[in-house]
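Visitor: The structure under discussion is supplied below as structure tokens; questions concerning it will follow.
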Amino acid sequence: MLASRLIAHRGCSLLAPENTLAAMSLSKKLGVDWVELDANLMGDGTVVVFHDDRLERLTNGQGMLMDLSVEDLAGLDAGSHFSAAYQGETIPTLEQMLKQLDRDQLGLNLEIKCYPSFTAEQIVLPVIALLERHWTAFERLIISCFETEVLTLIRQHKPDWPLGQLWEELPSDWQTTVEQLNAVSVHLDHTTLTNAQAKAIKQSGLDLYVYTVNDKTTAKRLFDMGVDGIFTDDPTLF
Ligand code: G3P
Ligand code: MG
């Protein structure tokens, strides 16, 4: 298994504002080995760590992330939505984030978001360049995405980087997709996973990770089914 049993989802998003440098520092402090984050794109081509395509849920700004450029980040508060203690926390660039996580020797599941406002190529090429420059250990990395097109593009450029295919629900042709990608893992919504699917995925030699699990009973049931690791918003629950 490449990742660990507990992967801090968006950092520890029940304990700190999701996808921020503070959330990742807290994950490290809590002894988590792996974190998950969402890579996203701004209009000037800067890759940032941010889940949504719009600003309202997570910041004091309004409108589309795509309408912003890197100069706008300093004026956006991405911490107050969580609590006053995090006021002034900003949306990190992927470059800032990779430097921190690599320095902290954390494992990283880098999920690439691919919204309709940009193309696969627009986000994949800068993500590859940033990882080449700022990531030192590829045994501590899995790149995942819901869009197979994005992963296929990465595979064309990087024959040996570890890729994980994300699905809400396992499609009937999953084996063809993971074979063509030469993926290392399958990542699923745990509420859709059946025993038979878990068994088949494990039999094919892939790692199986599921999101998002925030209670012990469910986690135990999933591990008993053969799941390798869970994405959780609060690793202290386990
Ligand atoms: O990577 C697992 C999970 O994060 C996928 O869904 O919406 O939380 O990014 P989402
Ligand atoms: Mg995610």
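Labels used: A, B, ... for chains in the order of the structure tokens, numbers from 1 for residues in each chain, and numbers from 1 for ligands as shown.
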Mind running chain A against ligand 2 at 6 Å and telling me each contacting residue's nearest atom pair with the distance in Å (one decimal), counting only C-alpha atoms and all ligand atoms, chain and number ascending, as JSON lines?

Guide:
{"residue": "A:Leu37", "atom": "CA", "partner": "ligand 2", "partner_atom_place_in_ligand_line": "1 (Mg)", "distance": 5.6}
{"residue": "A:Asp38", "atom": "CA", "partner": "ligand 2", "partner_atom_place_in_ligand_line": "1 (Mg)", "distance": 4.9}
{"residue": "A:Glu111", "atom": "CA", "partner": "ligand 2", "partner_atom_place_in_ligand_line": "1 (Mg)", "distance": 5.6}

Visitor: Go ahead and save the picked residues with N, CA and C atoms, as a PDB file, in the first residue's frame.

Guide:
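Produced file selection31.pdb, reproduced below:
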ATOM      1  N   LEU A  37      -5.387  16.983  -0.825  1.00  0.00           N
ATOM      2  CA  LEU A  37      -5.745  18.376  -1.136  1.00  0.00           C
ATOM      3  C   LEU A  37      -6.335  18.442  -2.540  1.00  0.00           C
ATOM      4  N   ASP A  38      -6.956  19.603  -2.833  1.00  0.00           N
ATOM      5  CA  ASP A  38      -7.567  19.821  -4.138  1.00  0.00           C
ATOM      6  C   ASP A  38      -6.792  20.907  -4.886  1.00  0.00           C
ATOM      7  N   GLU A 111      -5.266  15.733  -5.393  1.00  0.00           N
ATOM      8  CA  GLU A 111      -6.432  15.581  -6.269  1.00  0.00           C
ATOM      9  C   GLU A 111      -6.514  16.793  -7.188  1.00  0.00           C
TER      10      GLU A 111
END

Visitor: Could you produce a table of the residues of chain A lying within 8 Å of ligand 1, with the nearest pair of atoms per residue and their separation in Å rounded to one decimal, using only C-alpha atoms and all ligand atoms, ordered by chain and increasing residue number, as CSV?

Guide:
residue,atom,partner,partner_atom_place_in_ligand_line,distance
A:His9,CA,ligand 1,4 (O),6.2
A:Arg10,CA,ligand 1,4 (O),6.9
A:Glu36,CA,ligand 1,1 (O),6.4
A:Leu37,CA,ligand 1,4 (O),7.0
A:Asp38,CA,ligand 1,9 (O),6.1
A:His51,CA,ligand 1,9 (O),6.3
A:Asn109,CA,ligand 1,1 (O),7.3
A:Leu110,CA,ligand 1,1 (O),7.9
A:Glu111,CA,ligand 1,1 (O),5.6
A:Lys113,CA,ligand 1,9 (O),7.6
A:Ser144,CA,ligand 1,1 (O),6.9
A:Cys145,CA,ligand 1,1 (O),7.5
A:Phe146,CA,ligand 1,5 (C),7.9
A:Leu166,CA,ligand 1,1 (O),6.9
A:His187,CA,ligand 1,2 (C),6.8
A:Leu188,CA,ligand 1,2 (C),7.5
A:Asp189,CA,ligand 1,5 (C),7.7
A:Val210,CA,ligand 1,2 (C),7.2
A:Tyr211,CA,ligand 1,2 (C),5.4
A:Thr212,CA,ligand 1,3 (C),6.8
A:Phe231,CA,ligand 1,2 (C),6.6

Visitor: May I ask which of the residues A:Leu181, A:Ile91, A:Ala198, A:Ala8 is the closest one to Arg221 of chain A, counting only C-alpha atoms?

Guide: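 Among the listed residues, the smallest separation from Arg221 of chain A belongs to A:Ala198.
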
Visitor: Please compute the atom CA of Asp104 of chain A-atom CA of Lys28 of chain A distance, one decimal, in Å.

Guide: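 Result for atom CA of Asp104 of chain A versus atom CA of Lys28 of chain A: 7.3 Å, one decimal.
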
Visitor: Pick from A:Met64, A:Leu26, A:Val48, A:Leu55: nearest to Asp77 of chain A, with only C-alpha atoms counted?

Guide: A:Leu55

Visitor: For Leu151 of chain A, please output as a PyMOL selection string all residues within 12 Å (counting only C-alpha atoms; exclusion window: fewer than 4 positions along the same chain).

Guide: chain A and resi 110-114+120-121+123-125+127-128+142-147+155-159+161-166+177-178+180-184
